[in-house]
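See below for the structure under consideration.
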Amino acid sequence: MKARLESINPVLMSRDVSSSVHFYARLGFSDAFQNRPVNPQYAGVRRDEVELHLQWQAESQWAHPIDRPTYRICVREVDALYAEFRVDGVLEPEAPGQSPWRTPGDTPWGTREFHVLDPDGNGLQFYRVL
(Lines give C-alpha, C1' and ligand atoms only; values in the text may rest on other atoms or scores of the structure.)
Protein backbone atom coordinates (compact mmCIF):
# COMPACT_ATOMS: atom_id res chain seq x y z
CA MET A 1 0.00 0.00 0.00
CA LYS A 2 1.28 3.45 -0.91
CA ALA A 3 1.70 5.97 1.92
CA ARG A 4 -1.01 8.65 1.98
CA LEU A 5 -0.55 12.27 3.06
CA GLU A 6 -3.33 13.25 5.46
CA SER A 7 -2.90 16.94 6.23
CA ILE A 8 -0.44 19.76 6.64
CA ASN A 9 0.00 22.07 9.62
CA PRO A 10 2.31 24.93 8.67
CA VAL A 11 4.27 26.64 11.44
CA LEU A 12 4.17 30.42 11.12
CA MET A 13 6.81 32.60 12.77
CA SER A 14 5.56 34.99 15.42
CA ARG A 15 7.10 37.78 17.47
CA ASP A 16 4.29 37.48 20.05
CA VAL A 17 2.29 34.25 20.01
CA SER A 18 -0.52 35.62 22.22
CA SER A 19 -1.02 38.54 19.82
CA SER A 20 -0.95 36.18 16.85
CA VAL A 21 -3.59 33.94 18.45
CA HIS A 22 -5.75 37.04 18.97
CA PHE A 23 -5.34 38.08 15.31
CA TYR A 24 -6.31 34.63 14.07
CA ALA A 25 -9.33 34.62 16.41
CA ARG A 26 -10.49 37.71 14.50
CA LEU A 27 -10.24 35.57 11.33
CA GLY A 28 -12.58 33.03 12.92
CA PHE A 29 -9.92 30.60 14.17
CA SER A 30 -10.26 29.09 17.63
CA ASP A 31 -7.54 27.96 20.03
CA ALA A 32 -6.46 24.39 19.36
CA PHE A 33 -3.65 24.32 21.93
CA GLN A 34 -0.96 26.41 23.63
CA ASN A 35 2.26 25.14 25.20
CA ARG A 36 1.50 27.23 28.30
CA PRO A 37 -1.42 29.40 29.41
CA VAL A 38 0.56 32.64 29.91
CA ASN A 39 3.00 33.98 27.32
CA PRO A 40 2.89 30.90 25.06
CA GLN A 41 5.81 30.23 22.76
CA TYR A 42 3.95 27.72 20.59
CA ALA A 43 0.25 27.49 19.84
CA GLY A 44 -2.20 26.14 17.32
CA VAL A 45 -5.33 27.75 15.91
CA ARG A 46 -8.05 25.97 13.95
CA ARG A 47 -10.90 26.93 11.67
CA ASP A 48 -12.87 24.14 10.05
CA GLU A 49 -10.29 21.67 8.67
CA VAL A 50 -7.37 24.13 8.68
CA GLU A 51 -4.93 24.17 11.58
CA LEU A 52 -2.05 26.65 11.72
CA HIS A 53 0.74 26.55 14.27
CA LEU A 54 2.33 29.73 15.62
CA GLN A 55 5.86 29.67 17.01
CA TRP A 56 7.78 32.43 18.76
CA GLN A 57 11.06 33.29 17.08
CA ALA A 58 13.99 35.21 18.54
CA GLU A 59 14.81 38.65 17.13
CA SER A 60 17.79 37.17 15.23
CA GLN A 61 15.32 35.20 13.08
CA TRP A 62 13.81 38.43 11.72
CA ALA A 63 16.92 39.64 9.85
CA HIS A 64 15.00 39.50 6.56
CA PRO A 65 11.42 40.47 7.53
CA ILE A 66 10.23 40.81 3.93
CA ASP A 67 11.23 37.21 3.21
CA ARG A 68 8.08 35.78 4.81
CA PRO A 69 6.29 32.69 3.54
CA THR A 70 2.82 32.71 2.03
CA TYR A 71 0.16 30.07 2.69
CA ARG A 72 -2.66 29.28 0.26
CA ILE A 73 -5.93 28.22 1.85
CA CYS A 74 -8.64 26.77 -0.35
CA VAL A 75 -12.14 28.02 0.49
CA ARG A 76 -15.48 27.44 -1.25
CA GLU A 77 -16.90 30.94 -0.81
CA VAL A 78 -14.11 33.45 -1.32
CA ASP A 79 -16.41 36.47 -1.52
CA ALA A 80 -18.38 35.44 1.57
CA LEU A 81 -15.16 35.02 3.56
CA TYR A 82 -13.93 38.41 2.39
CA ALA A 83 -17.27 39.98 3.43
CA GLU A 84 -17.00 38.28 6.85
CA PHE A 85 -13.52 39.72 7.38
CA ARG A 86 -14.71 43.19 6.29
CA VAL A 87 -17.68 43.15 8.67
CA ASP A 88 -15.46 42.00 11.54
CA GLY A 89 -12.99 44.80 10.83
CA VAL A 90 -10.09 42.44 10.21
CA LEU A 91 -9.03 43.92 6.89
CA GLU A 92 -7.26 47.24 6.82
CA PRO A 93 -8.44 49.91 4.38
CA GLU A 94 -6.89 49.71 0.95
CA ALA A 95 -3.85 51.87 0.34
CA PRO A 96 -1.66 52.57 -2.72
CA GLY A 97 1.05 49.99 -3.30
CA GLN A 98 -0.80 47.09 -1.67
CA SER A 99 -1.35 43.77 -3.38
CA PRO A 100 -3.86 43.90 -6.24
CA TRP A 101 -5.45 40.90 -4.55
CA ARG A 102 -6.47 42.78 -1.37
CA THR A 103 -10.03 42.32 -2.62
CA PRO A 104 -11.42 39.20 -4.33
CA GLY A 105 -10.60 38.93 -8.00
CA ASP A 106 -10.29 36.37 -10.75
CA THR A 107 -6.65 35.64 -11.51
CA PRO A 108 -5.00 34.84 -14.87
CA TRP A 109 -4.05 31.44 -13.37
CA GLY A 110 -7.65 30.33 -12.93
CA THR A 111 -8.53 31.12 -9.34
CA ARG A 112 -10.62 33.67 -7.46
CA GLU A 113 -8.71 34.92 -4.43
CA PHE A 114 -7.77 37.63 -1.98
CA HIS A 115 -4.69 38.08 0.21
CA VAL A 116 -4.14 39.06 3.85
CA LEU A 117 -0.94 39.65 5.82
CA ASP A 118 -0.85 38.72 9.49
CA PRO A 119 0.90 41.08 11.95
CA ASP A 120 4.21 39.25 11.43
CA GLY A 121 4.09 39.48 7.64
CA ASN A 122 3.00 35.90 6.96
CA GLY A 123 0.89 35.88 3.80
CA LEU A 124 -2.51 34.21 3.69
CA GLN A 125 -4.06 33.68 0.28
CA PHE A 126 -7.68 32.57 0.35
CA TYR A 127 -8.71 31.10 -3.00
CA ARG A 128 -10.95 28.81 -4.99
CA VAL A 129 -10.44 27.30 -8.41
CA LEU A 130 -12.69 28.78 -11.10
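Ordering of the C-alpha coordinates sets the chain letters (A, B, ...); residue numbers start at 1 within each chain; ligands are numbered from 1 in the order shown.
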
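Considering only chain A, backbone DSSP assigns helix (DSSP H, G or I) to Val17, Ser18, Ser19, Ser20, Val21, His22, Phe23, Tyr24, Ala25, Arg26, Glu59, Ser60, Gln61, Trp62, Val78, Asp79, Ala80, Leu81, Tyr82, Ala83, Glu84, Phe85, Arg86 and Val87 of chain A.
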
Resulting file, chosen residues, N, CA and C atoms, as a short mmCIF file (atom, residue, chain, number, x, y, z; two decimals), in the first residue's frame:
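So the final result, stored in result_38.cif, reads:
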```
data_model
loop_
_atom_site.label_atom_id
_atom_site.label_comp_id
_atom_site.auth_asym_id
_atom_site.auth_seq_id
_atom_site.Cartn_x
_atom_site.Cartn_y
_atom_site.Cartn_z
N VAL A 17 3.26 35.30 20.30
CA VAL A 17 2.29 34.25 20.01
C VAL A 17 0.90 34.62 20.52
N SER A 18 0.79 35.22 21.70
CA SER A 18 -0.52 35.62 22.22
C SER A 18 -1.20 36.60 21.27
N SER A 19 -0.46 37.58 20.77
CA SER A 19 -1.02 38.54 19.82
C SER A 19 -1.42 37.86 18.52
N SER A 20 -0.62 36.92 18.07
CA SER A 20 -0.95 36.18 16.85
C SER A 20 -2.23 35.38 17.02
N VAL A 21 -2.37 34.70 18.17
CA VAL A 21 -3.59 33.94 18.45
C VAL A 21 -4.80 34.87 18.41
N HIS A 22 -4.66 36.06 18.98
CA HIS A 22 -5.75 37.04 18.97
C HIS A 22 -6.10 37.46 17.54
N PHE A 23 -5.09 37.72 16.71
CA PHE A 23 -5.34 38.08 15.31
C PHE A 23 -6.11 36.97 14.60
N TYR A 24 -5.65 35.74 14.76
CA TYR A 24 -6.31 34.63 14.07
C TYR A 24 -7.72 34.38 14.61
N ALA A 25 -7.96 34.70 15.86
CA ALA A 25 -9.33 34.62 16.41
C ALA A 25 -10.23 35.58 15.66
N ARG A 26 -9.71 36.74 15.27
CA ARG A 26 -10.49 37.71 14.50
C ARG A 26 -10.79 37.18 13.10
N GLU A 59 14.59 37.49 17.99
CA GLU A 59 14.81 38.65 17.13
C GLU A 59 15.80 38.34 16.00
N SER A 60 16.79 37.50 16.27
CA SER A 60 17.79 37.17 15.23
C SER A 60 17.17 36.47 14.02
N GLN A 61 16.00 35.89 14.19
CA GLN A 61 15.32 35.20 13.08
C GLN A 61 14.61 36.16 12.14
N TRP A 62 14.55 37.46 12.51
CA TRP A 62 13.81 38.43 11.72
C TRP A 62 14.74 39.32 10.89
N VAL A 78 -15.12 32.41 -1.49
CA VAL A 78 -14.11 33.45 -1.32
C VAL A 78 -14.76 34.79 -0.99
N ASP A 79 -15.78 35.16 -1.74
CA ASP A 79 -16.41 36.47 -1.52
C ASP A 79 -17.11 36.55 -0.16
N ALA A 80 -17.72 35.47 0.27
CA ALA A 80 -18.38 35.44 1.57
C ALA A 80 -17.36 35.57 2.70
N LEU A 81 -16.20 34.91 2.55
CA LEU A 81 -15.16 35.02 3.56
C LEU A 81 -14.61 36.44 3.61
N TYR A 82 -14.39 37.02 2.46
CA TYR A 82 -13.93 38.41 2.39
C TYR A 82 -14.93 39.34 3.09
N ALA A 83 -16.22 39.15 2.80
CA ALA A 83 -17.27 39.98 3.43
C ALA A 83 -17.26 39.79 4.94
N GLU A 84 -17.07 38.56 5.41
CA GLU A 84 -17.00 38.28 6.85
C GLU A 84 -15.84 39.06 7.48
N PHE A 85 -14.68 39.02 6.85
CA PHE A 85 -13.52 39.72 7.38
C PHE A 85 -13.74 41.23 7.38
N ARG A 86 -14.42 41.75 6.36
CA ARG A 86 -14.71 43.19 6.29
C ARG A 86 -15.64 43.60 7.43
N VAL A 87 -16.71 42.84 7.62
CA VAL A 87 -17.68 43.15 8.67
C VAL A 87 -17.02 43.12 10.04
#
```

**Message:** Please list as a ChimeraX atom specification every residue within 7 Å of region 110-116 of chain A, counting only C-alpha atoms and excluding residues in the same chain fewer than 6 positions away.
**Reply:** /A:78,101-104,123-130

**Request:** Could you tell me, as a ChimeraX atom specification, which residues of chain A DSSP assigns to strand (DSSP E) when given the backbone?
**Result:** /A:11-14,30-34,42-47,50-56,70-74,105-106,111-117,123-129

**Request:** Measure the distance from CA of Phe29 (chain A) to CA of Asp88 (chain A) in Å and round it to one decimal.
**Result:**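 For CA of Phe29 (chain A) relative to CA of Asp88 (chain A), the distance reads 12.9 Å.
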
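Shortest separation to Thr70 (chain A) among A:Ser14, A:Asn122, A:Ser30, A:Gln57 occurs at residue A:Asn122, atoms counted being only C-alpha atoms.
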
**Request:** Tell me which of A:Ala58, A:Gln34, A:Asp106, A:Arg15 sits closest to Gly121 (chain A), counting only C-alpha atoms.
**Result:**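 For Gly121 (chain A), the nearest of the given residues is A:Arg15.
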
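If you look at CA of Pro40 (chain A) and CA of Trp56 (chain A), they are 8.1 Å away from each other.
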
**Request:** Identify, on the basis of only C-alpha atoms, every residue whose closest approach to Val11 (chain A) does not exceed 12 Å; exclude the query and any residue fewer than 2 positions from it along the same chain; express the result as a ChimeraX atom specification.
**Result:** /A:8-9,13-14,17,41-45,51-57,68-71,122

Save out the residues we just selected, N, CA and C atoms, as a short mmCIF file (atom, residue, chain, number, x, y, z; two decimals), in the first residue's frame.
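The file below, part_21.cif, is the result:
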```cif
data_model
loop_
_atom_site.label_atom_id
_atom_site.label_comp_id
_atom_site.auth_asym_id
_atom_site.auth_seq_id
_atom_site.Cartn_x
_atom_site.Cartn_y
_atom_site.Cartn_z
N ILE A 8 -1.63 18.96 6.42
CA ILE A 8 -0.44 19.76 6.64
C ILE A 8 -0.76 20.83 7.68
N ASN A 9 0.17 21.06 8.58
CA ASN A 9 0.00 22.07 9.62
C ASN A 9 1.21 22.99 9.58
N MET A 13 5.99 31.87 11.81
CA MET A 13 6.81 32.60 12.77
C MET A 13 5.99 33.70 13.42
N SER A 14 6.28 33.96 14.69
CA SER A 14 5.56 34.99 15.42
C SER A 14 6.50 35.70 16.39
N VAL A 17 3.26 35.30 20.30
CA VAL A 17 2.29 34.25 20.01
C VAL A 17 0.90 34.62 20.52
N GLN A 41 4.76 30.16 23.78
CA GLN A 41 5.81 30.23 22.76
C GLN A 41 5.43 29.41 21.53
N TYR A 42 4.42 28.57 21.69
CA TYR A 42 3.95 27.72 20.59
C TYR A 42 2.46 27.48 20.79
N ALA A 43 1.70 27.67 19.73
CA ALA A 43 0.25 27.49 19.84
C ALA A 43 -0.31 27.05 18.49
N GLY A 44 -1.50 26.51 18.53
CA GLY A 44 -2.20 26.14 17.32
C GLY A 44 -3.56 26.79 17.29
N VAL A 45 -3.99 27.19 16.10
CA VAL A 45 -5.33 27.75 15.91
C VAL A 45 -6.00 26.94 14.80
N GLU A 51 -5.61 23.90 10.32
CA GLU A 51 -4.93 24.17 11.58
C GLU A 51 -3.58 24.79 11.27
N LEU A 52 -3.32 25.96 11.86
CA LEU A 52 -2.05 26.65 11.72
C LEU A 52 -1.35 26.64 13.07
N HIS A 53 -0.05 26.48 13.05
CA HIS A 53 0.74 26.55 14.27
C HIS A 53 1.51 27.86 14.28
N LEU A 54 1.65 28.44 15.45
CA LEU A 54 2.33 29.73 15.62
C LEU A 54 3.48 29.52 16.59
N GLN A 55 4.67 29.90 16.18
CA GLN A 55 5.86 29.67 17.01
C GLN A 55 6.65 30.95 17.19
N TRP A 56 6.96 31.28 18.46
CA TRP A 56 7.78 32.43 18.76
C TRP A 56 9.16 32.23 18.18
N GLN A 57 9.70 33.32 17.62
CA GLN A 57 11.06 33.29 17.08
C GLN A 57 11.86 34.45 17.67
N ARG A 68 9.04 36.56 4.03
CA ARG A 68 8.08 35.78 4.81
C ARG A 68 7.34 34.82 3.88
N PRO A 69 7.02 33.65 4.37
CA PRO A 69 6.29 32.69 3.54
C PRO A 69 4.83 33.10 3.34
N THR A 70 4.23 32.50 2.34
CA THR A 70 2.82 32.71 2.03
C THR A 70 2.13 31.35 2.03
N TYR A 71 0.93 31.31 2.58
CA TYR A 71 0.16 30.07 2.69
C TYR A 71 -1.13 30.23 1.92
N ASN A 122 3.31 37.17 7.62
CA ASN A 122 3.00 35.90 6.96
C ASN A 122 1.82 36.13 6.03
#
```

**Asked** How many Å separate CA of Pro100 (chain A) from CA of Ala63 (chain A)?
**Response**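 CA of Ala63 (chain A) lies at a distance of 26.6 Å from CA of Pro100 (chain A).
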